[in-house]
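Heads up: the structure comes next, in structure tokens.
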Amino acid sequence: MLGASDTLQLPLRQPVRAFVPEQSLPAPARDRRPTVLHFTYSIGGGGAEAMLMNLAESLDPAQFRSVVVAINARPWTPQLRRLHDAGVTVHDLESTSYLNPRTLARLRAVLRQERPDVVQTWTHHADLVGGWAARLSGVRHVVWGIHCREIHRNPGESDARIALFRRALGFSSRFIPRRIVSCSAAAIEDHTAMGYPAAKMRWIPNGIDAARFVPDADAGLDTRAELGLPPNVPLIGYVGRFHEMKDLATFLRAAAILQGRVPEAHFVFCGGVEVELGEVERELLAKLPSPQQVRFDSFRPNPWRLYPALNVFSLSSRTEACPMTVIEAISCGVPCVTTDVGDCGRLLEGVGRVVPMRDHAALAAAWEQTLQMDAAAREAVAQQSRQRVQERFTIAHAARQYAETYAELVEVRA
């Protein structure tokens, strides 16, 4: 188990050395690389977390030393392994709350231990808590990260509390962060309206490993077999959290329409199990013409094997920023249908379909039209999609921009 300030480590074979008197040992070389410390709630389960993983793996280790501090990293063993393999130091605060006094004490202890040159925070709560903790610990260079157009409301949170949090973010944005990075152009407009200084903002779209997310017919067939699906049935898929922002009720209403027109249509929800759906969503699921043709699959450590199984990838969200899942899907050559929210229209221009949010009839019609594409049209979309990702949305491209942002703040030694 990782402790509050422990680093994930694997047993290493120690070399056999002759005894050397202590006074004759050379002083250890000082690591002159600037340290970038990433502060987040988790390292898995969402688009911001996926981008954090990609960036931590991709920052040039000759320029920066990377540290990740998570409120709760324990459930995400594959991600911990990836970070360890990339040489990233990980601290798990082993908590479930940002404002728990023990959590804050552990965070301050890690900041004193690591003495980061830059603290990069991820999502609104991490921005506020991590930003203040860093500045109070003497860290001059704080970079906030925007990965959502609006503030997530936790269950039971009142309108008054959300309004107070929103004002605190707007006020703190003026002097806590030196830079504010947004993955979404649309989110920059939203946050400027909240009081964020426009001069501090920088748009860096999300990036993925395009060598990992590739068209792979064999992987698609294997995944269908794992899910107990025939190889040729039409399959529409969703990947993400079961959060109210994703508006899965609209998705399920559209699914009922499509199954009425295309009875053999199947659906897969990757990111949770059926019992995690809300009451309304469970009722809509039960009313589908063929509810047995819906599969649920928890978050996968290898989502690049799921996308090729789909005929259509879809989001029915009422709000998005720059969804990683859409980039991953088009990199795998999968046609996409999303609601016209956030940067989805920019991502899918010319290679996918967008429909008005909360319009289940339009969503079902777009699915049906996409399923009717012939092989040549699908291949053309796949090629154009891959080219777009390789030109604009690779993690190498995004990592260069993050590195430039950090280098503007601190001296970087190659």
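By convention in this document, the chains of the structure tokens carry letters A, B, ... by their order, each chain's residues are numbered from 1, and ligands are numbered from 1 in the order they are shown.
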Can you list, as a JSON list (two decimals) with C-alpha atoms, in the first residue's frame, all residues belonging to segment 80-240 of chain A that DSSP tags as helix (DSSP H, G or I)?
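Okay, part29.json is ready:
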[["chain", "number", "residue", "atom", "x", "y", "z"],
["A", 80, "LEU", "CA", 0.29, 3.34, -11.35],
["A", 81, "ARG", "CA", 2.32, 0.79, -13.29],
["A", 82, "ARG", "CA", 2.41, 3.05, -16.35],
["A", 83, "LEU", "CA", 3.67, 5.99, -14.31],
["A", 84, "HIS", "CA", 6.31, 3.88, -12.62],
["A", 85, "ASP", "CA", 7.49, 2.54, -15.96],
["A", 101, "PRO", "CA", -7.34, 18.17, 7.40],
["A", 102, "ARG", "CA", -5.24, 15.00, 7.15],
["A", 103, "THR", "CA", -5.24, 15.25, 3.35],
["A", 104, "LEU", "CA", -4.10, 18.87, 3.45],
["A", 105, "ALA", "CA", -1.35, 18.05, 5.93],
["A", 106, "ARG", "CA", -0.09, 15.25, 3.70],
["A", 107, "LEU", "CA", -0.20, 17.51, 0.65],
["A", 108, "ARG", "CA", 1.87, 20.16, 2.43],
["A", 109, "ALA", "CA", 4.37, 17.48, 3.49],
["A", 110, "VAL", "CA", 4.76, 16.29, -0.10],
["A", 111, "LEU", "CA", 5.25, 19.85, -1.33],
["A", 112, "ARG", "CA", 7.99, 20.38, 1.28],
["A", 113, "GLN", "CA", 9.62, 17.09, 0.31],
["A", 114, "GLU", "CA", 9.51, 17.52, -3.47],
["A", 124, "HIS", "CA", -11.51, 22.95, -10.68],
["A", 125, "HIS", "CA", -11.25, 21.52, -7.16],
["A", 126, "ALA", "CA", -7.58, 20.63, -7.66],
["A", 127, "ASP", "CA", -6.97, 24.12, -9.05],
["A", 128, "LEU", "CA", -8.33, 25.86, -5.96],
["A", 129, "VAL", "CA", -6.99, 23.52, -3.26],
["A", 130, "GLY", "CA", -3.71, 22.61, -4.92],
["A", 131, "GLY", "CA", -3.07, 26.16, -6.12],
["A", 132, "TRP", "CA", -3.49, 27.68, -2.66],
["A", 133, "ALA", "CA", -1.48, 24.89, -1.00],
["A", 134, "ALA", "CA", 1.36, 25.38, -3.48],
["A", 135, "ARG", "CA", 1.52, 29.16, -3.11],
["A", 136, "LEU", "CA", 1.35, 28.95, 0.70],
["A", 159, "ASP", "CA", -26.70, 26.15, -5.26],
["A", 160, "ALA", "CA", -25.23, 28.49, -2.64],
["A", 161, "ARG", "CA", -22.14, 26.33, -2.19],
["A", 162, "ILE", "CA", -21.56, 26.06, -5.94],
["A", 163, "ALA", "CA", -21.96, 29.83, -6.29],
["A", 164, "LEU", "CA", -19.41, 30.40, -3.50],
["A", 165, "PHE", "CA", -16.96, 27.96, -5.10],
["A", 166, "ARG", "CA", -17.39, 29.67, -8.46],
["A", 167, "ARG", "CA", -16.64, 33.08, -6.94],
["A", 168, "ALA", "CA", -13.61, 31.66, -5.12],
["A", 169, "LEU", "CA", -12.22, 30.31, -8.37],
["A", 170, "GLY", "CA", -12.76, 33.58, -10.21],
["A", 171, "PHE", "CA", -11.13, 35.59, -7.41],
["A", 172, "SER", "CA", -8.19, 33.19, -6.97],
["A", 185, "ALA", "CA", -11.51, 26.77, -26.83],
["A", 186, "ALA", "CA", -15.15, 26.93, -25.76],
["A", 187, "ALA", "CA", -14.16, 26.58, -22.09],
["A", 188, "ILE", "CA", -11.87, 29.62, -22.35],
["A", 189, "GLU", "CA", -14.87, 31.78, -23.18],
["A", 190, "ASP", "CA", -16.87, 30.31, -20.29],
["A", 191, "HIS", "CA", -14.10, 30.88, -17.75],
["A", 192, "THR", "CA", -13.31, 34.38, -18.93],
["A", 193, "ALA", "CA", -16.96, 35.15, -18.15],
["A", 198, "ALA", "CA", -7.81, 36.20, -20.47],
["A", 199, "ALA", "CA", -4.12, 37.13, -20.57],
["A", 200, "LYS", "CA", -3.20, 34.04, -18.53],
["A", 217, "ALA", "CA", -10.07, -5.32, -36.87],
["A", 218, "ASP", "CA", -8.66, -8.24, -34.89],
["A", 219, "ALA", "CA", -8.88, -6.33, -31.62],
["A", 220, "GLY", "CA", -12.46, -5.41, -32.46],
["A", 221, "LEU", "CA", -13.44, -9.04, -33.04],
["A", 222, "ASP", "CA", -11.69, -10.14, -29.84],
["A", 223, "THR", "CA", -13.53, -7.47, -27.82],
["A", 224, "ARG", "CA", -16.88, -8.49, -29.27],
["A", 225, "ALA", "CA", -16.16, -12.07, -28.29],
["A", 226, "GLU", "CA", -15.29, -10.94, -24.74]]
>> For segment 210-216 of chain A, find every residue with an atom within 8 Å (counting only C-alpha atoms), except residues of its own chain fewer than 3 positions away, and show them as number ranges by chain.
In response: A: 219-220, 304-305, 308, 328-329, 331-334, 389-390, 394-395
Using only C-alpha atoms, please write the residues we just selected to a file, as an mmCIF file, in the first residue's frame.
data_model
loop_
_atom_site.group_PDB
_atom_site.id
_atom_site.type_symbol
_atom_site.label_atom_id
_atom_site.label_comp_id
_atom_site.auth_asym_id
_atom_site.auth_seq_id
_atom_site.Cartn_x
_atom_site.Cartn_y
_atom_site.Cartn_z
ATOM 1 C CA ALA A 219 -8.876 -6.333 -31.621
ATOM 2 C CA GLY A 220 -12.457 -5.413 -32.456
ATOM 3 C CA TRP A 304 -7.822 1.105 -27.711
ATOM 4 C CA ARG A 305 -9.079 -2.487 -28.061
ATOM 5 C CA PRO A 308 -12.419 -0.956 -33.127
ATOM 6 C CA GLU A 328 -9.464 8.199 -29.304
ATOM 7 C CA ALA A 329 -12.380 6.940 -31.380
ATOM 8 C CA SER A 331 -7.879 7.811 -34.161
ATOM 9 C CA CYS A 332 -9.183 4.235 -34.339
ATOM 10 C CA GLY A 333 -11.091 5.123 -37.498
ATOM 11 C CA VAL A 334 -14.533 4.839 -35.872
ATOM 12 C CA VAL A 389 -5.445 13.203 -35.126
ATOM 13 C CA GLN A 390 -1.883 12.810 -36.366
ATOM 14 C CA THR A 394 -1.189 13.655 -30.698
ATOM 15 C CA ILE A 395 0.246 13.669 -27.191
#
>> Given only C-alpha atoms as the basis, pick out the residue of A:Met194, A:Cys322, A:Val341, A:Ala256 nearest to Arg174 of chain A.
In response: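 Closest residue, counting only C-alpha atoms: A:Met194.
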> Within 6 Å of His266 of chain A, counting only C-alpha atoms, which residues qualify if same-chain residues fewer than 3 places away don't, as a ChimeraX atom specification?
Replying inline: /A:235,293-294
